[in-house]
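Undergrad: What follows is protein03.cif; its format and atoms are mmCIF, C-alpha atoms.
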data_start
#
loop_
_atom_site.group_PDB
_atom_site.id
_atom_site.type_symbol
_atom_site.label_atom_id
_atom_site.label_comp_id
_atom_site.auth_asym_id
_atom_site.auth_seq_id
_atom_site.Cartn_x
_atom_site.Cartn_y
_atom_site.Cartn_z
ATOM 1 C CA MET A 30 81.709 58.455 95.010
ATOM 2 C CA ALA A 31 83.605 60.849 97.230
ATOM 3 C CA SER A 32 83.803 59.925 100.883
ATOM 4 C CA PRO A 33 82.888 62.545 103.502
ATOM 5 C CA PRO A 34 85.773 64.360 105.215
ATOM 6 C CA SER A 35 86.363 63.030 108.712
ATOM 7 C CA GLU A 36 85.248 66.307 110.325
ATOM 8 C CA CYS A 37 81.869 66.193 108.558
ATOM 9 C CA SER A 38 79.021 64.409 110.246
ATOM 10 C CA SER A 39 76.953 61.770 108.521
ATOM 11 C CA TYR A 40 73.320 62.836 108.120
ATOM 12 C CA LYS A 41 72.347 59.824 110.222
ATOM 13 C CA LYS A 42 73.832 61.359 113.378
ATOM 14 C CA TYR A 43 71.137 64.030 113.708
ATOM 15 C CA GLU A 44 68.452 62.886 111.287
ATOM 16 C CA ILE A 45 64.928 63.146 112.659
ATOM 17 C CA ARG A 46 62.799 63.130 109.501
ATOM 18 C CA LYS A 47 63.496 61.245 106.285
ATOM 19 C CA ARG A 48 62.733 62.489 102.804
ATOM 20 C CA ASP A 49 64.407 62.693 99.386
ATOM 21 C CA PRO A 50 64.411 65.715 97.089
ATOM 22 C CA ASN A 51 61.977 65.700 94.185
ATOM 23 C CA PRO A 52 64.057 66.257 91.021
ATOM 24 C CA LYS A 53 61.068 67.870 89.315
ATOM 25 C CA THR A 54 60.785 70.675 91.888
ATOM 26 C CA ALA A 55 64.241 70.937 93.511
ATOM 27 C CA ALA A 56 67.185 73.284 92.964
ATOM 28 C CA LEU A 57 70.746 73.080 94.253
ATOM 29 C CA LEU A 58 72.346 76.120 95.897
ATOM 30 C CA VAL A 59 76.150 76.137 95.977
ATOM 31 C CA ILE A 60 76.961 78.873 98.461
ATOM 32 C CA ASP A 61 80.124 81.025 98.639
ATOM 33 C CA MET A 62 82.613 78.507 97.252
ATOM 34 C CA GLN A 63 85.053 81.360 96.606
ATOM 35 C CA ASN A 64 88.819 81.833 96.608
ATOM 36 C CA LEU A 65 88.787 83.749 99.892
ATOM 37 C CA VAL A 66 87.618 80.653 101.752
ATOM 38 C CA THR A 67 89.550 78.013 99.833
ATOM 39 C CA SER A 68 91.099 76.641 103.022
ATOM 40 C CA VAL A 69 87.632 76.070 104.510
ATOM 41 C CA ALA A 70 86.125 74.746 101.292
ATOM 42 C CA LYS A 71 88.999 72.489 100.230
ATOM 43 C CA PRO A 72 87.935 69.445 102.328
ATOM 44 C CA ILE A 73 84.461 69.449 100.741
ATOM 45 C CA ILE A 74 85.242 70.413 97.134
ATOM 46 C CA SER A 75 85.100 66.794 95.997
ATOM 47 C CA ASN A 76 81.721 66.266 97.657
ATOM 48 C CA ALA A 77 80.419 69.578 96.339
ATOM 49 C CA ILE A 78 81.392 68.563 92.807
ATOM 50 C CA THR A 79 79.764 65.166 93.315
ATOM 51 C CA THR A 80 76.567 66.875 94.503
ATOM 52 C CA ILE A 81 76.583 69.238 91.518
ATOM 53 C CA ASN A 82 77.060 66.343 89.113
ATOM 54 C CA LEU A 83 74.301 64.289 90.752
ATOM 55 C CA CYS A 84 71.906 67.208 90.417
ATOM 56 C CA ARG A 85 72.906 67.894 86.812
ATOM 57 C CA GLN A 86 72.277 64.241 85.962
ATOM 58 C CA ALA A 87 68.825 64.501 87.543
ATOM 59 C CA SER A 88 68.068 67.726 85.592
ATOM 60 C CA ILE A 89 67.965 69.718 88.828
ATOM 61 C CA PRO A 90 68.847 73.404 88.269
ATOM 62 C CA VAL A 91 72.017 74.569 89.997
ATOM 63 C CA PHE A 92 72.705 78.092 91.268
ATOM 64 C CA PHE A 93 76.094 79.322 92.413
ATOM 65 C CA ILE A 94 75.848 81.990 95.107
ATOM 66 C CA ARG A 95 78.742 84.471 95.176
ATOM 67 C CA HIS A 96 79.236 86.872 98.067
ATOM 68 C CA CYS A 97 80.676 90.258 97.075
ATOM 69 C CA HIS A 98 80.512 93.933 97.990
ATOM 70 C CA LYS A 99 80.614 96.701 95.402
ATOM 71 C CA SER A 100 80.960 99.678 97.773
ATOM 72 C CA PRO A 101 80.850 100.560 101.502
ATOM 73 C CA ALA A 102 77.184 101.435 100.990
ATOM 74 C CA ASP A 103 76.283 97.745 100.758
ATOM 75 C CA HIS A 104 78.324 96.533 103.747
ATOM 76 C CA GLY A 105 75.380 96.743 106.126
ATOM 77 C CA MET A 106 75.934 95.132 109.528
ATOM 78 C CA LEU A 107 78.653 92.923 108.046
ATOM 79 C CA GLY A 108 80.874 96.000 107.873
ATOM 80 C CA GLU A 109 80.543 96.584 111.610
ATOM 81 C CA TRP A 110 80.759 92.924 112.554
ATOM 82 C CA TRP A 111 83.859 92.182 110.452
ATOM 83 C CA ASN A 112 85.527 95.612 110.778
ATOM 84 C CA ASN A 113 84.879 96.279 107.068
ATOM 85 C CA ASN A 114 87.016 93.256 106.162
ATOM 86 C CA VAL A 115 84.534 92.064 103.539
ATOM 87 C CA ILE A 116 84.839 90.456 100.092
ATOM 88 C CA SER A 117 85.187 93.184 97.466
ATOM 89 C CA ASP A 118 83.794 92.543 94.012
ATOM 90 C CA GLY A 119 86.375 92.407 91.242
ATOM 91 C CA THR A 120 89.086 90.804 93.380
ATOM 92 C CA VAL A 121 90.577 87.350 92.950
ATOM 93 C CA GLU A 122 89.286 86.470 96.404
ATOM 94 C CA SER A 123 85.702 87.137 95.322
ATOM 95 C CA GLU A 124 85.783 84.734 92.378
ATOM 96 C CA LEU A 125 84.507 81.181 92.548
ATOM 97 C CA ILE A 126 87.091 78.489 93.270
ATOM 98 C CA PRO A 127 88.342 77.322 89.818
ATOM 99 C CA ASP A 128 87.138 73.724 90.287
ATOM 100 C CA ILE A 129 83.662 75.084 91.022
ATOM 101 C CA GLU A 130 83.672 77.936 88.530
ATOM 102 C CA ARG A 131 84.303 75.593 85.602
ATOM 103 C CA LEU A 132 81.033 73.829 86.460
ATOM 104 C CA SER A 133 79.013 77.039 86.465
ATOM 105 C CA LYS A 134 77.331 79.070 83.750
ATOM 106 C CA PRO A 135 77.044 82.875 83.882
ATOM 107 C CA ASP A 136 73.263 82.830 84.210
ATOM 108 C CA GLU A 137 73.514 80.437 87.173
ATOM 109 C CA VAL A 138 75.560 82.814 89.336
ATOM 110 C CA VAL A 139 73.675 84.910 91.901
ATOM 111 C CA GLU A 140 75.492 87.695 93.759
ATOM 112 C CA LYS A 141 74.653 88.560 97.361
ATOM 113 C CA ASN A 142 76.063 90.935 99.964
ATOM 114 C CA THR A 143 74.819 89.435 103.230
ATOM 115 C CA TYR A 144 74.424 86.021 104.833
ATOM 116 C CA SER A 145 71.134 85.128 103.141
ATOM 117 C CA ALA A 146 71.139 84.301 99.437
ATOM 118 C CA PHE A 147 67.537 85.559 99.278
ATOM 119 C CA GLU A 148 68.112 89.053 100.692
ATOM 120 C CA ASN A 149 68.119 91.708 97.939
ATOM 121 C CA THR A 150 68.969 89.169 95.223
ATOM 122 C CA ARG A 151 67.205 87.680 92.211
ATOM 123 C CA LEU A 152 67.326 84.140 93.626
ATOM 124 C CA GLN A 153 63.658 83.818 94.533
ATOM 125 C CA GLU A 154 62.646 85.113 91.107
ATOM 126 C CA LEU A 155 64.898 82.563 89.414
ATOM 127 C CA LEU A 156 63.481 79.751 91.527
ATOM 128 C CA ALA A 157 59.920 80.833 90.766
ATOM 129 C CA GLU A 158 60.631 80.873 87.028
ATOM 130 C CA ARG A 159 61.625 77.218 87.270
ATOM 131 C CA GLY A 160 58.802 76.121 89.540
ATOM 132 C CA VAL A 161 61.186 75.293 92.373
ATOM 133 C CA GLU A 162 59.634 74.215 95.673
ATOM 134 C CA GLU A 163 62.679 72.616 97.307
ATOM 135 C CA VAL A 164 66.282 73.705 97.780
ATOM 136 C CA ILE A 165 69.381 71.647 98.523
ATOM 137 C CA ILE A 166 71.990 73.605 100.486
ATOM 138 C CA THR A 167 75.739 73.124 99.987
ATOM 139 C CA GLY A 168 78.808 75.335 100.434
ATOM 140 C CA VAL A 169 80.385 77.476 103.153
ATOM 141 C CA MET A 170 80.143 78.383 105.844
ATOM 142 C CA THR A 171 77.776 75.884 107.397
ATOM 143 C CA ASN A 172 76.839 78.075 110.357
ATOM 144 C CA MET A 173 76.657 81.410 108.556
ATOM 145 C CA CYS A 174 75.543 81.801 104.934
ATOM 146 C CA CYS A 175 74.399 78.198 104.510
ATOM 147 C CA GLU A 176 72.368 78.184 107.717
ATOM 148 C CA THR A 177 70.941 81.666 107.164
ATOM 149 C CA THR A 178 69.910 80.809 103.607
ATOM 150 C CA ALA A 179 68.355 77.529 104.754
ATOM 151 C CA ARG A 180 66.335 79.269 107.444
ATOM 152 C CA ALA A 181 65.208 81.970 105.007
ATOM 153 C CA ALA A 182 64.175 79.325 102.476
ATOM 154 C CA PHE A 183 62.136 77.470 105.095
ATOM 155 C CA VAL A 184 60.342 80.649 106.172
ATOM 156 C CA LYS A 185 59.584 81.458 102.525
ATOM 157 C CA GLY A 186 57.903 78.089 102.121
ATOM 158 C CA TYR A 187 60.595 76.015 100.440
ATOM 159 C CA ARG A 188 61.269 72.467 101.561
ATOM 160 C CA VAL A 189 64.925 72.457 102.589
ATOM 161 C CA PHE A 190 67.561 69.742 102.268
ATOM 162 C CA PHE A 191 70.901 70.433 103.955
ATOM 163 C CA SER A 192 74.081 68.599 102.991
ATOM 164 C CA THR A 193 76.194 67.264 105.837
ATOM 165 C CA ASP A 194 79.253 66.424 103.719
ATOM 166 C CA ALA A 195 79.203 69.259 101.165
ATOM 167 C CA THR A 196 79.092 72.066 103.727
ATOM 168 C CA ALA A 197 81.944 73.217 105.949
ATOM 169 C CA SER A 198 82.906 75.736 108.610
ATOM 170 C CA THR A 199 86.066 77.001 110.285
ATOM 171 C CA ASP A 200 84.923 75.317 113.500
ATOM 172 C CA PRO A 201 83.756 71.668 113.558
ATOM 173 C CA GLU A 202 81.613 72.360 116.637
ATOM 174 C CA LEU A 203 79.734 75.126 114.823
ATOM 175 C CA HIS A 204 79.285 72.824 111.806
ATOM 176 C CA GLU A 205 77.825 70.116 114.035
ATOM 177 C CA ALA A 206 75.628 72.590 115.916
ATOM 178 C CA THR A 207 74.104 73.799 112.655
ATOM 179 C CA LEU A 208 73.400 70.264 111.465
ATOM 180 C CA LYS A 209 71.630 69.478 114.737
ATOM 181 C CA ASN A 210 69.668 72.727 114.517
ATOM 182 C CA MET A 211 68.715 72.169 110.880
ATOM 183 C CA ALA A 212 67.440 68.661 111.594
ATOM 184 C CA SER A 213 65.523 69.918 114.611
ATOM 185 C CA GLY A 214 63.462 72.576 112.897
ATOM 186 C CA PHE A 215 64.356 73.490 109.343
ATOM 187 C CA ALA A 216 65.769 70.855 106.989
ATOM 188 C CA TYR A 217 66.083 67.255 105.952
ATOM 189 C CA LEU A 218 69.720 66.163 106.178
ATOM 190 C CA VAL A 219 71.400 64.504 103.205
ATOM 191 C CA ASP A 220 74.874 63.577 102.022
ATOM 192 C CA CYS A 221 76.306 62.479 98.677
ATOM 193 C CA GLU A 222 75.383 58.838 99.199
ATOM 194 C CA ARG A 223 71.853 59.647 100.303
ATOM 195 C CA LEU A 224 71.369 62.003 97.348
ATOM 196 C CA GLN A 225 72.618 59.400 94.910
ATOM 197 C CA GLN A 226 70.175 56.838 96.288
ATOM 198 C CA GLY A 227 67.283 59.291 96.467
ATOM 199 C CA LEU A 228 67.744 60.814 93.028
ATOM 200 C CA SER A 229 68.065 57.376 91.453
ATOM 201 C CA GLY A 230 64.686 56.411 92.865
ATOM 202 C CA ASN A 231 66.007 54.129 95.592
ATOM 203 C CA GLY A 232 65.682 56.502 98.510
ATOM 204 C CA MET A 233 63.268 56.711 101.391
ATOM 205 C CA MET A 234 60.303 59.059 101.666
#
Please go through the file and, once you have read it, give me the structure as structure tokens.

TA:
Amino acid sequence: MASPPSECSSYKKYEIRKRDPNPKTAALLVIDMQNLVTSVAKPIISNAITTINLCRQASIPVFFIRHCHKSPADHGMLGEWWNNNVISDGTVESELIPDIERLSKPDEVVEKNTYSAFENTRLQELLAERGVEEVIITGVMTNMCCETTARAAFVKGYRVFFSTDATASTDPELHEATLKNMASGFAYLVDCERLQQGLSGNGMM
């Protein structure tokens, strides 16, 4: 089992409510693990892979969210905020990190062009087709696409689980702030160890 990077908080630090995902109704979202952000994602790749494997073993569907822009028309506010320095589709930077890509299947990849994986994508339709009621959030960045997707999922009625050791940000303080915020109002916190225990039937409800 991979050990959490030192900059990643244990779920116990901010945990308020305890619950384990239900393998029969959960799905894993692996968000924006792409070449452009390899330096941010590198510390958590091992834990992300562990989380993917745990979910596969529990027959939990996995979706890989890929951020990309096809033209200036789909930049939206991100174009203004980031001075049009966005991830263009078809570039090496837009592709999934090789260690993650080899674990994915084409029909598991969902493309998005803003922070939320639900906005103008087919994600909710895919989740509905599989009877998903819960989502497990992993990926980068903790305080942007992961947090926005988690909040959107909560508002849409999904039970949300947020990984503390398979998410990462450029700023440890922002990572920690999101974890505290998630535990306060939006998500149950988990890590690789907690998921392993919960999905094996030894967790706490």

Undergrad: Do you know which residues the PyMOL selection byres ((chain A and resi 189) around 10) returns on this file, as a list in words?

TA: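 Expected selection for the PyMOL selection byres ((chain A and resi 189) around 10) here is Pro50, Ala55, Ala56, Glu162, Glu163, Val164, Ile165, Ile166, Thr178, Ala179, Arg180, Ala181, Ala182, Phe183, Gly186, Tyr187, Arg188, Phe190, Phe191, Ser192, Met211, Phe215, Ala216, Tyr217 and Leu218 of chain A.
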
Undergrad: Rank A:Ser213, A:Ser68, A:Ser145, A:Asn112 by their smallest atom-to-atom distance to Glu44 in chain A, using all atoms listed in the file, and report the top residue only.

TA: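 Smallest separation from Glu44 in chain A among the options: A:Ser213.
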
Undergrad: Check what the PyMOL selection byres ((chain A and resi 128) around 12) selects in the file above and give those residues as a ChimeraX atom specification.

TA: /A:62-64,67,70-71,73-79,81,124-127,129-133

Undergrad: Could you check how far CA of Leu58 in chain A sits from CA of Phe92 in chain A, in Å to one decimal?

TA: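 Computed distance, CA of Leu58 in chain A to CA of Phe92 in chain A, equals 5.0 Å.
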
Undergrad: Using all atoms listed in the file, which of the listed residues (A:Ala146, A:Val69, A:Leu224, A:Ala87) sits closest to Asp49 in chain A?

TA: A:Leu224

Undergrad: Using only C-alpha atoms for the distances, tell me which of A:Glu158, A:Glu222, A:Glu137, A:Glu202 is nearest to Val59 in chain A.

TA: A:Glu137
